[in-house]
file input_12.cif (mmCIF, C-alpha atoms)
data_input
#
loop_
_atom_site.label_atom_id
_atom_site.label_comp_id
_atom_site.auth_asym_id
_atom_site.auth_seq_id
_atom_site.Cartn_x
_atom_site.Cartn_y
_atom_site.Cartn_z
CA MET A 1 -45.16 -26.48 14.97
CA LYS A 2 -42.46 -25.62 17.44
CA PRO A 3 -43.27 -23.47 20.42
CA GLN A 4 -41.75 -20.06 20.09
CA ALA A 5 -41.43 -19.40 23.79
CA GLN A 6 -38.26 -17.58 24.64
CA GLU A 7 -35.78 -19.50 26.67
CA PRO A 8 -35.28 -18.01 30.10
CA ALA A 9 -31.65 -17.13 30.46
CA GLY A 10 -29.46 -14.72 32.31
CA PRO A 11 -26.30 -12.83 31.42
CA LEU A 12 -24.19 -15.62 32.88
CA ASP A 13 -25.41 -17.90 30.10
CA ASP A 14 -24.47 -15.47 27.38
CA ALA A 15 -20.72 -16.06 27.15
CA PRO A 16 -20.84 -19.87 26.78
CA LEU A 17 -23.62 -19.55 24.24
CA VAL A 18 -21.66 -17.02 22.23
CA ARG A 19 -18.55 -19.21 22.32
CA ARG A 20 -20.53 -22.14 20.97
CA CYS A 21 -22.03 -19.97 18.26
CA LEU A 22 -18.59 -18.79 17.22
CA GLY A 23 -17.55 -22.43 17.00
CA GLY A 24 -20.34 -23.04 14.50
CA ASP A 25 -22.55 -25.06 16.88
CA SER A 26 -25.91 -25.15 15.12
CA GLU A 27 -27.83 -25.90 18.31
CA ALA A 28 -26.29 -22.85 19.98
CA ILE A 29 -27.23 -20.70 17.00
CA ARG A 30 -30.80 -21.96 17.28
CA GLN A 31 -30.82 -21.10 20.99
CA LEU A 32 -29.48 -17.63 20.30
CA VAL A 33 -32.25 -16.98 17.81
CA ASN A 34 -34.96 -18.35 20.10
CA ARG A 35 -33.68 -16.30 23.01
CA PHE A 36 -33.70 -12.93 21.29
CA GLN A 37 -35.96 -12.99 18.23
CA GLY A 38 -39.10 -12.20 20.23
CA ASP A 39 -37.72 -9.07 21.83
CA VAL A 40 -36.13 -7.88 18.61
CA TYR A 41 -39.28 -8.49 16.60
CA GLY A 42 -41.49 -6.92 19.28
CA LEU A 43 -39.44 -3.75 19.19
CA CYS A 44 -39.16 -3.68 15.40
CA VAL A 45 -42.89 -4.08 14.88
CA ARG A 46 -43.60 -1.17 17.24
CA LEU A 47 -41.01 1.10 15.67
CA LEU A 48 -41.74 0.22 12.05
CA HIS A 49 -45.54 -0.31 12.21
CA HIS A 50 -45.19 -2.99 9.59
CA ARG A 51 -45.06 -6.71 10.21
CA GLN A 52 -43.18 -7.71 7.05
CA ASP A 53 -40.62 -4.98 7.56
CA ALA A 54 -40.27 -6.07 11.16
CA GLU A 55 -39.58 -9.64 10.10
CA ASP A 56 -36.98 -8.51 7.57
CA VAL A 57 -35.26 -6.23 10.05
CA THR A 58 -35.33 -8.88 12.77
CA GLN A 59 -33.56 -11.30 10.46
CA GLU A 60 -31.10 -8.63 9.44
CA VAL A 61 -30.40 -7.73 13.07
CA LEU A 62 -29.70 -11.31 14.08
CA LEU A 63 -27.47 -11.83 11.05
CA ARG A 64 -25.51 -8.75 12.02
CA VAL A 65 -25.33 -9.94 15.59
CA PHE A 66 -24.04 -13.30 14.47
CA ARG A 67 -21.40 -11.74 12.23
CA SER A 68 -20.26 -9.40 15.00
CA LEU A 69 -20.32 -11.86 17.89
CA ASP A 70 -16.53 -11.90 18.13
CA GLY A 71 -16.65 -8.16 18.80
CA TRP A 72 -19.07 -8.46 21.72
CA ASP A 73 -17.66 -7.41 25.10
CA ALA A 74 -18.22 -10.50 27.24
CA SER A 75 -18.13 -8.43 30.42
CA ARG A 76 -21.45 -6.82 29.48
CA PRO A 77 -24.87 -8.40 29.07
CA LEU A 78 -25.69 -9.55 25.57
CA LYS A 79 -29.28 -8.40 25.35
CA PRO A 80 -28.76 -4.61 25.51
CA TRP A 81 -26.06 -4.97 22.85
CA ILE A 82 -28.48 -6.81 20.57
CA MET A 83 -31.32 -4.38 21.28
CA GLY A 84 -28.99 -1.49 20.47
CA ILE A 85 -28.28 -3.03 17.08
CA ALA A 86 -32.02 -3.48 16.58
CA VAL A 87 -32.75 0.17 17.36
CA ASN A 88 -30.06 1.33 14.95
CA ARG A 89 -31.31 -0.94 12.19
CA CYS A 90 -34.86 0.33 12.69
CA ARG A 91 -33.65 3.93 12.46
CA THR A 92 -31.82 3.16 9.22
CA TRP A 93 -34.81 1.29 7.83
CA LEU A 94 -37.16 4.15 8.66
CA ALA A 95 -34.83 6.63 6.97
CA GLN A 96 -34.70 4.47 3.85
CA ARG A 97 -38.45 3.88 3.87
CA SER A 98 -39.18 7.57 4.13
CA ARG A 99 -37.53 7.96 0.74
CA ARG A 100 -39.77 5.30 -0.81
CA PRO A 101 -43.20 5.63 0.81
CA GLU A 102 -45.21 2.46 0.97
CA PRO A 103 -48.63 1.69 2.36
CA VAL A 104 -48.47 1.27 6.09
CA ASP A 105 -49.49 -2.11 7.42
CA TYR A 106 -51.88 -1.15 10.18
CA LEU A 107 -51.29 -3.54 12.99
CA GLN A 108 -54.10 -5.51 14.42
CA ASP A 109 -53.56 -5.15 18.11
CA ILE A 110 -53.47 -8.39 19.93
CA VAL A 111 -54.83 -8.26 23.43
CA THR A 112 -53.78 -11.25 25.40
CA GLY A 113 -55.91 -12.69 28.14
CA GLN A 114 -59.44 -11.84 29.04
CA VAL A 115 -59.90 -8.15 29.47
CA ALA A 116 -62.97 -6.01 29.53
CA ASP A 117 -64.03 -4.38 26.30
CA ASP A 118 -63.21 -0.89 27.49
CA SER A 119 -59.74 -2.07 28.52
CA ALA A 120 -59.15 -3.52 25.06
CA GLU A 121 -60.27 -0.25 23.56
CA LEU A 122 -57.96 1.61 25.90
CA LEU A 123 -55.03 -0.57 24.85
CA VAL A 124 -55.71 0.18 21.20
CA GLU A 125 -55.72 3.87 22.04
CA ILE A 126 -52.48 3.60 23.96
CA ARG A 127 -50.81 1.92 21.02
CA ALA A 128 -52.17 4.51 18.65
CA ALA A 129 -50.81 7.20 20.94
CA LEU A 130 -47.53 5.37 21.07
CA ASP A 131 -47.22 5.51 17.31
CA GLU A 132 -47.35 9.29 17.43
CA LEU A 133 -44.47 9.60 19.86
CA ARG A 134 -40.93 10.52 18.95
CA LEU A 135 -38.87 7.48 18.08
CA GLU A 136 -36.76 7.75 21.25
CA TYR A 137 -39.82 8.01 23.49
CA ARG A 138 -41.50 5.12 21.72
CA THR A 139 -38.39 2.95 21.96
CA VAL A 140 -38.01 3.54 25.68
CA PHE A 141 -41.71 3.01 26.33
CA VAL A 142 -41.79 -0.31 24.45
CA LEU A 143 -38.62 -1.61 26.08
CA PHE A 144 -39.81 -0.67 29.56
CA HIS A 145 -43.56 -1.28 29.53
CA GLU A 146 -43.91 -4.02 26.91
CA GLN A 147 -40.68 -5.90 27.42
CA GLY A 148 -40.04 -5.17 31.08
CA GLN A 149 -36.39 -4.22 30.59
CA PRO A 150 -34.67 -2.30 33.38
CA TYR A 151 -33.49 1.25 32.96
CA GLU A 152 -29.83 0.22 33.00
CA ASP A 153 -30.25 -2.15 30.06
CA ILE A 154 -32.23 0.41 28.07
CA ALA A 155 -29.53 2.99 28.75
CA GLN A 156 -26.88 0.59 27.45
CA ALA A 157 -28.90 -0.28 24.38
CA LEU A 158 -29.48 3.36 23.47
CA ASN A 159 -26.07 4.49 24.68
CA ARG A 160 -27.62 7.21 26.85
CA PRO A 161 -27.46 7.94 30.58
CA VAL A 162 -30.10 6.39 32.78
CA GLY A 163 -31.39 9.87 33.65
CA THR A 164 -32.08 10.59 30.00
CA ILE A 165 -33.95 7.32 29.63
CA LYS A 166 -36.13 8.15 32.65
CA THR A 167 -36.90 11.59 31.29
CA TRP A 168 -37.89 10.18 27.91
CA LEU A 169 -40.11 7.57 29.52
CA HIS A 170 -41.85 10.12 31.78
CA ARG A 171 -42.55 12.37 28.83
CA ALA A 172 -43.82 9.43 26.81
CA ARG A 173 -46.30 8.51 29.55
CA LEU A 174 -47.53 12.06 29.94
CA GLU A 175 -48.02 12.47 26.20
CA ILE A 176 -49.96 9.22 26.00
CA LEU A 177 -52.03 10.13 29.02
CA GLU A 178 -52.80 13.53 27.60
CA ARG A 179 -53.96 12.00 24.33
CA LEU A 180 -56.17 9.51 26.17
CA ARG A 181 -57.79 12.31 28.14
CA ARG A 182 -58.32 14.43 25.04
CA ARG A 183 -60.11 11.53 23.41
CA GLY A 184 -62.17 10.85 26.50
CA MET A 185 -60.71 7.43 26.99
CA VAL A 186 -60.05 7.96 30.67
CA SER A 187 -62.49 9.63 32.96
CA ASP A 188 -61.53 11.57 36.01
CA GLU A 189 -63.87 9.53 38.09
CA GLY A 190 -63.36 5.99 39.07
CA GLU A 191 -63.51 3.66 41.92
CA GLY A 192 -61.38 0.65 42.65
CA GLU A 193 -57.79 0.12 43.63
CA ILE A 194 -54.82 1.33 41.66
CA PRO A 195 -52.90 -1.73 40.45
CA ALA A 196 -49.86 -2.43 42.53
CA GLU A 197 -47.74 -3.77 39.65
CA PRO A 198 -48.70 -1.85 36.54
CA VAL A 199 -45.43 -2.61 34.80
CA ARG A 200 -43.27 -5.72 34.54
CA THR A 201 -45.56 -7.69 32.30
CA ARG A 202 -42.95 -10.44 32.53
CA PRO A 203 -39.97 -11.13 34.75
CA PRO A 204 -36.96 -8.95 34.07
CA ALA A 205 -34.57 -11.90 34.40
CA ASN A 206 -34.58 -12.42 30.64
CA ARG A 207 -31.82 -9.99 29.85
CA MET B 208 -55.25 26.00 42.94
CA SER B 209 -54.29 22.77 41.31
CA CYS B 210 -51.75 20.24 42.53
CA ASN B 211 -49.70 18.28 40.06
CA ALA B 212 -48.09 16.08 42.67
CA TRP B 213 -50.09 13.12 41.36
CA GLN B 214 -48.05 13.18 38.15
CA GLU B 215 -44.79 12.86 40.00
CA LEU B 216 -46.18 10.15 42.28
CA LEU B 217 -47.62 8.33 39.28
CA GLN B 218 -44.22 8.35 37.55
CA GLN B 219 -42.54 6.99 40.66
CA HIS B 220 -45.20 4.32 41.00
CA LEU B 221 -44.81 3.27 37.38
CA ASP B 222 -41.02 3.27 37.72
CA GLY B 223 -41.38 0.87 40.59
CA VAL B 224 -39.63 3.19 43.06
CA GLY B 225 -42.68 4.61 44.81
CA SER B 226 -45.30 2.71 46.72
CA THR B 227 -48.90 2.39 45.64
CA GLY B 228 -49.85 3.44 49.13
CA ALA B 229 -48.20 6.84 48.80
CA LEU B 230 -50.00 7.49 45.52
CA GLU B 231 -53.35 6.29 46.89
CA GLN B 232 -52.93 8.32 50.03
CA HIS B 233 -52.25 11.51 48.13
CA LEU B 234 -55.08 10.98 45.67
CA ARG B 235 -57.52 10.46 48.51
CA ALA B 236 -56.23 13.28 50.67
CA CYS B 237 -55.65 16.00 48.07
CA PRO B 238 -58.87 17.52 46.72
CA ASP B 239 -57.15 18.73 43.53
CA CYS B 240 -55.59 15.39 42.78
CA ALA B 241 -58.57 13.26 43.77
CA ALA B 242 -60.17 14.21 40.48
CA HIS B 243 -57.40 12.39 38.65
CA ARG B 244 -57.78 9.14 40.52
CA GLY B 245 -59.84 7.47 37.83
CA VAL B 246 -57.30 8.46 35.17
CA VAL B 247 -54.42 7.05 37.15
CA ARG B 248 -56.22 3.81 37.94
CA ARG B 249 -57.25 3.04 34.37
CA PHE B 250 -53.95 4.11 32.92
CA CYS B 251 -52.04 1.83 35.30
CA GLN B 252 -54.40 -1.03 34.51
CA ALA B 253 -53.89 -0.59 30.79
CA LEU B 254 -50.09 -0.42 31.08
CA GLY B 255 -50.14 -3.64 33.06
CA GLN B 256 -51.88 -5.36 30.15
CA LEU B 257 -49.40 -4.28 27.52
CA SER B 258 -47.55 -7.16 25.98
CA PRO B 259 -45.16 -7.48 23.04
CA VAL B 260 -46.44 -8.43 19.63
CA PRO B 261 -45.46 -12.10 19.24
CA PRO B 262 -43.34 -12.99 16.21
CA PRO B 263 -44.70 -15.29 13.50
CA ALA B 264 -44.38 -18.94 14.43
CA ASP B 265 -41.90 -19.75 11.67
CA LEU B 266 -39.70 -16.67 12.05
CA ALA B 267 -37.17 -18.37 14.33
CA ASP B 268 -36.77 -21.28 11.91
CA ARG B 269 -36.31 -18.97 8.97
CA ILE B 270 -33.70 -16.89 10.77
CA THR B 271 -31.90 -19.97 12.06
CA SER B 272 -31.72 -21.39 8.55
CA ALA B 273 -30.31 -18.13 7.26
CA LEU B 274 -27.71 -18.06 10.03
CA LEU B 275 -26.71 -21.66 9.47
CA GLU B 276 -26.17 -20.89 5.81
CA HIS B 277 -23.68 -18.26 6.87
CA ALA B 278 -22.14 -20.24 9.71
CA PRO B 279 -20.07 -22.82 7.78
CA SER B 280 -18.72 -20.23 5.41
CA GLN B 281 -17.35 -17.96 8.13
CA ALA B 282 -14.35 -19.92 9.36
CA PRO B 283 -13.14 -21.10 5.94
CA ARG B 284 -13.55 -17.59 4.67
CA ALA B 285 -11.08 -16.38 7.29
CA ARG B 286 -8.56 -19.06 6.27
CA ILE B 287 -8.99 -18.28 2.60
CA ARG B 288 -8.42 -14.64 3.39
CA LEU B 289 -5.12 -15.49 5.13
CA TRP B 290 -3.89 -17.63 2.24
CA SER B 291 -4.94 -14.95 -0.19
CA LEU B 292 -2.84 -12.43 1.72
CA VAL B 293 0.20 -14.74 1.70
CA ALA B 294 -0.18 -15.41 -2.01
CA LEU B 295 -0.66 -11.73 -2.69
CA ALA B 296 2.43 -10.84 -0.68
CA ALA B 297 4.51 -13.46 -2.53
CA ALA B 298 3.28 -12.23 -5.89
CA ALA B 299 4.01 -8.66 -4.91
CA ALA B 300 7.54 -9.60 -3.79
CA ILE B 301 8.24 -11.36 -7.12
CA LEU B 302 6.92 -8.42 -9.07
CA VAL B 303 9.03 -5.98 -7.06
CA VAL B 304 12.19 -8.08 -7.54
CA VAL B 305 11.54 -8.52 -11.23
CA GLY B 306 10.48 -4.94 -11.70
CA LEU B 307 13.55 -3.49 -9.92
CA TRP B 308 16.03 -5.76 -11.70
CA PRO B 309 18.14 -3.85 -14.22
CA ARG B 310 17.03 -4.67 -17.70
CA LYS B 311 18.67 -4.29 -21.05
CA PRO B 312 16.47 -2.68 -23.63
CA THR B 313 17.58 -5.13 -26.34
CA GLY B 314 16.00 -8.06 -24.57
CA GLU B 315 19.28 -10.00 -24.35
CA LEU B 316 20.27 -11.74 -21.17
CA PRO B 317 22.48 -9.46 -19.12
CA GLY B 318 26.11 -10.43 -19.10
CA GLU B 319 27.21 -8.02 -16.44
CA ILE B 320 25.14 -6.49 -13.72
CA GLU B 321 25.49 -2.79 -13.54
CA PRO B 322 25.07 -1.51 -10.02
CA GLY B 323 23.32 1.74 -9.36
CA PRO B 324 19.99 3.27 -10.13
CA ILE B 325 18.06 2.46 -13.24
CA VAL B 326 18.66 5.13 -15.79
CA LYS B 327 16.20 5.60 -18.55
CA THR B 328 17.90 5.14 -21.90
CA PRO B 329 16.82 7.00 -24.99
CA ASP B 330 15.48 3.75 -26.44
CA GLN B 331 12.97 3.40 -23.70
CA PRO B 332 9.61 4.87 -24.42
CA ASP B 333 7.93 7.09 -21.85
CA GLU B 334 5.43 4.36 -21.02
CA PRO B 335 7.35 1.28 -19.81
CA LYS B 336 6.76 -1.74 -21.96
CA VAL B 337 4.96 -4.47 -20.14
CA GLU B 338 7.04 -7.61 -20.34
CA PRO B 339 5.51 -11.06 -20.01
CA LEU B 340 6.07 -12.52 -16.57
CA HIS B 341 7.83 -15.67 -17.78
CA ASP B 342 10.38 -13.57 -19.70
CA SER B 343 11.07 -11.51 -16.64
CA VAL B 344 11.52 -14.57 -14.47
CA ALA B 345 13.86 -16.14 -17.02
CA ARG B 346 15.87 -12.95 -17.14
CA ALA B 347 16.06 -12.81 -13.36
CA GLY B 348 17.17 -16.45 -13.21
CA ALA B 349 19.94 -15.93 -15.73
CA ALA B 350 21.12 -12.85 -13.91
CA MET B 351 21.20 -14.77 -10.64
CA ALA B 352 23.29 -17.54 -12.24
CA ASN B 353 25.66 -14.95 -13.58
CA LEU B 354 25.99 -13.29 -10.21
CA THR B 355 26.70 -16.64 -8.56
CA SER B 356 29.34 -17.42 -11.12
CA ARG B 357 31.07 -14.10 -10.62
CA THR B 358 31.00 -14.42 -6.84
CA ALA B 359 32.42 -17.92 -6.98
CA GLY B 360 35.18 -16.75 -9.34
CA ALA B 361 36.15 -13.96 -7.00
CA THR B 362 36.25 -16.38 -4.07
CA VAL B 363 38.51 -18.77 -5.94
CA GLU B 364 40.82 -15.99 -6.92
CA THR B 365 41.16 -14.79 -3.36
CA THR B 366 41.64 -18.29 -2.04
CA ALA B 367 44.31 -19.02 -4.62
CA GLN B 368 46.25 -15.98 -3.52
CA LEU B 369 46.07 -16.97 0.16
CA LEU B 370 46.63 -20.74 -0.03
CA PRO B 371 49.07 -22.96 -1.96
CA ARG B 372 47.55 -24.75 -4.87
CA VAL B 373 47.47 -28.59 -4.81
CA ASP B 374 47.45 -30.96 -7.69
CA VAL B 375 43.85 -31.92 -8.24
CA SER B 376 44.80 -34.72 -10.60
CA THR B 377 45.58 -36.90 -7.57
CA MET B 378 42.14 -36.33 -6.04
CA THR B 379 39.19 -38.58 -6.67
CA GLY B 380 35.51 -38.08 -6.04
CA PRO B 381 32.19 -37.49 -7.65
CA LEU B 382 33.20 -34.10 -8.93
CA MET B 383 36.37 -35.43 -10.55
CA ASN B 384 34.78 -36.70 -13.73
CA ASP B 385 36.27 -36.20 -17.12
CA GLY B 386 33.14 -35.15 -18.90
CA PRO B 387 32.26 -31.65 -19.90
CA MET B 388 31.15 -29.47 -17.07
CA ASP B 389 28.49 -26.81 -16.88
CA PRO B 390 30.14 -23.40 -16.99
CA PRO B 391 28.62 -22.25 -13.69
CA LEU B 392 30.01 -25.36 -11.91
CA GLU B 393 33.64 -24.79 -12.92
CA PRO B 394 34.25 -21.86 -10.57
CA LEU B 395 32.59 -23.77 -7.78
CA LEU B 396 34.86 -26.74 -8.38
CA GLU B 397 37.89 -24.50 -8.40
CA ALA B 398 36.77 -22.96 -5.13
CA GLY B 399 36.39 -26.41 -3.61
CA GLU B 400 39.85 -27.39 -4.79
CA GLY B 401 41.32 -24.30 -3.23
CA VAL B 402 39.65 -24.99 0.11
CA SER B 403 40.74 -28.63 0.04
CA SER B 404 44.34 -27.71 -0.71
CA GLY B 405 44.30 -25.19 2.08
CA LEU B 406 43.04 -27.72 4.58
CA ALA B 407 45.32 -30.57 3.43
CA PRO B 408 48.26 -29.80 5.82
CA VAL B 409 45.90 -29.66 8.76
CA ALA B 410 44.24 -32.91 7.75
CA ASP B 411 47.60 -34.66 7.34
CA SER B 412 48.75 -33.55 10.79
CA ALA B 413 45.52 -34.78 12.34
CA LYS B 414 45.87 -38.11 10.57
CA ARG B 415 49.45 -38.55 11.88
CA ALA B 416 48.41 -37.65 15.44
CA PHE B 417 45.57 -40.14 15.31
CA SER B 418 47.92 -42.90 14.07
CA LEU B 419 50.34 -42.25 16.94
CA PHE B 420 47.49 -42.31 19.41
CA MET B 421 46.20 -45.60 18.10
CA ARG B 422 49.66 -47.12 18.16
CA ASP B 423 50.14 -46.30 21.87
CA LEU B 424 46.79 -47.73 22.91
CA PRO B 425 47.05 -51.08 24.85
CA VAL B 426 45.61 -54.10 23.07
CA ALA B 427 42.77 -55.73 25.04
CA GLY B 428 43.56 -59.22 26.49
CA SER B 429 47.32 -59.13 25.77
CA ALA B 430 50.15 -59.59 28.27
CA ASN B 431 51.10 -55.96 27.87
CA ASP B 432 47.94 -54.93 29.69
CA LYS B 433 49.55 -54.65 33.06
CA PRO B 434 51.30 -51.41 33.71
CA GLY B 435 54.90 -51.22 34.77
#
call {"tool": "encode", "arguments": {"input": "input_12.cif", "output": "structure tokens"}}
result
Amino acid sequence: MKPQAQEPAGPLDDAPLVRRCLGGDSEAIRQLVNRFQGDVYGLCVRLLHHRQDAEDVTQEVLLRVFRSLDGWDASRPLKPWIMGIAVNRCRTWLAQRSRRPEPVDYLQDIVTGQVADDSAELLVEIRAALDELRLEYRTVFVLFHEQGQPYEDIAQALNRPVGTIKTWLHRARLEILERLRRRGMVSDEGEGEIPAEPVRTRPPANR
Amino acid sequence: MSCNAWQELLQQHLDGVGSTGALEQHLRACPDCAAHRGVVRRFCQALGQLSPVPPPADLADRITSALLEHAPSQAPRARIRLWSLVALAAAAAILVVVGLWPRKPTGELPGEIEPGPIVKTPDQPDEPKVEPLHDSVARAGAAMANLTSRTAGATVETTAQLLPRVDVSTMTGPLMNDGPMDPPLEPLLEAGEGVSSGLAPVADSAKRAFSLFMRDLPVAGSANDKPG
């Protein structure tokens, strides 16, 4: 089975890749998919709470991206443009799904690496709290804390000022924190150092 | 009295714009905020462990296959669209020409073309009768031949008034056959005769001038080469 690791790439690589895709280069199309499917799927699964729906929407998003590649502004990074399409498709999907309720596929949270049991439990609680947030808050939180995207890219994807994105993210954190405290997941006592790098779970170069 | 400065410092720390030291320092120094130190520490730890849900292993292959199915059809589709537009435009032009051409309600070929707007005759029903396309095209072709014939006739008439007529019986050429001629060709032939007769004096003068010129030219290698 092929590794699904995302190819590290920067905005400078976007334009040649897009040109090759527009020329029908199958290898370039494969690279485009490998580069962005993880981020798109990761966002979709958090916004939709349903793995199958997330797969369908991810495919739909990348099809739309491919069909609209000739309309992409090459002076701007590709990733925020794609993530913006993903957010819009998720919104539309949620609106359609609300008219035909289906059983929710409760996600099994995957905790990577070796973490203490209470940390794993805390992560599950954070994700449960995340699911209760407004869609905008949740989107910003996932893009920033799970995907390590900078404020500027999130602002471009959501077509909002950076200040608005920061406000949404701050409120999202406070709401999650408040829920954790209500449920007794975090105590007010504790020793040890505060982590120096609590965010940026991966390098932000993959834009 | 409670201090909420830890919240602001926490946000800055999580945004990556504030230092951990500033947050630590405040939490240790401020009695109100010190109580929140455990919350901040565990919350920051948990956020650092968040990671995206990985996609299914075969998702990329499935999406790539779907894209490649669409990829070959995109460029040809654009070309087909262009040809479709050209064909549509041509068809529309033919229909407009045929539709605007004056028609006789009896279905006979028009002998004379009446200029001016189309006037509805009493014979015509309110709903225009849809005529087969091949009939319309045939009608248009006949009308065009008629128009050509009339124009050629008028040209011949004008030319005959302006130029002296020559005897065509002395002329030879592919058009000078004795067989029956198509009616539309007769006016054209007459027009050609008129033009030829008009140009004949000029052609004769040119021929005479050329003969004189040739006569005066020195012959190469003869004794008359030397001047004087």
call {"tool": "closest_residue", "arguments": {"input": "input_12.cif", "among": "A:Ser98, A:Thr167, A:Asn88, A:Gln156", "to": "chain B", "atoms": "only C-alpha atoms"}}
result
A:Thr167
call {"tool": "atom_distance", "arguments": {"input": "input_12.cif", "atom1": "CA of Thr139 in chain A", "atom2": "CA of Trp213 in chain B"}}
result
24.8 Å
call {"tool": "atom_distance", "arguments": {"input": "input_12.cif", "atom1": "CA of Arg182 in chain A", "atom2": "CA of Leu130 in chain A"}}
result
14.6 Å
call {"tool": "residues_around", "arguments": {"input": "input_12.cif", "residues": "Ala212 in chain B", "least_positions_apart": "5", "cutoff": "9 Å", "atoms": "only C-alpha atoms", "output": "list in words"}}
result
Leu217, His233 and Cys240 of chain B
call {"tool": "interface_residues", "arguments": {"input": "input_12.cif", "of": "chain B", "to": "chain A", "cutoff": "8 Å", "atoms": "all atoms listed in the file", "output": "count of residues only"}}
result
37
call {"tool": "atom_distance", "arguments": {"input": "input_12.cif", "atom1": "CA of Asp153 in chain A", "atom2": "CA of Trp81 in chain A"}}
result
8.8 Å
call {"tool": "closest_residue", "arguments": {"input": "input_12.cif", "among": "A:Pro161, A:Ala155, A:Ala15, A:Glu132", "to": "Glu175 in chain A", "atoms": "only C-alpha atoms"}}
result
A:Glu132
call {"tool": "residues_around", "arguments": {"input": "input_12.cif", "residues": "Ala86 in chain A", "least_positions_apart": "4", "cutoff": "7 Å", "atoms": "all atoms listed in the file", "output": "ChimeraX atom specification"}}
result
/A:40,61,82,90
call {"tool": "residues_around", "arguments": {"input": "input_12.cif", "residues": "Trp168 in chain A", "least_positions_apart": "6", "cutoff": "9 Å", "atoms": "all atoms listed in the file", "output": "PyMOL selection string"}}
result
chain A and resi 136-138+140-141
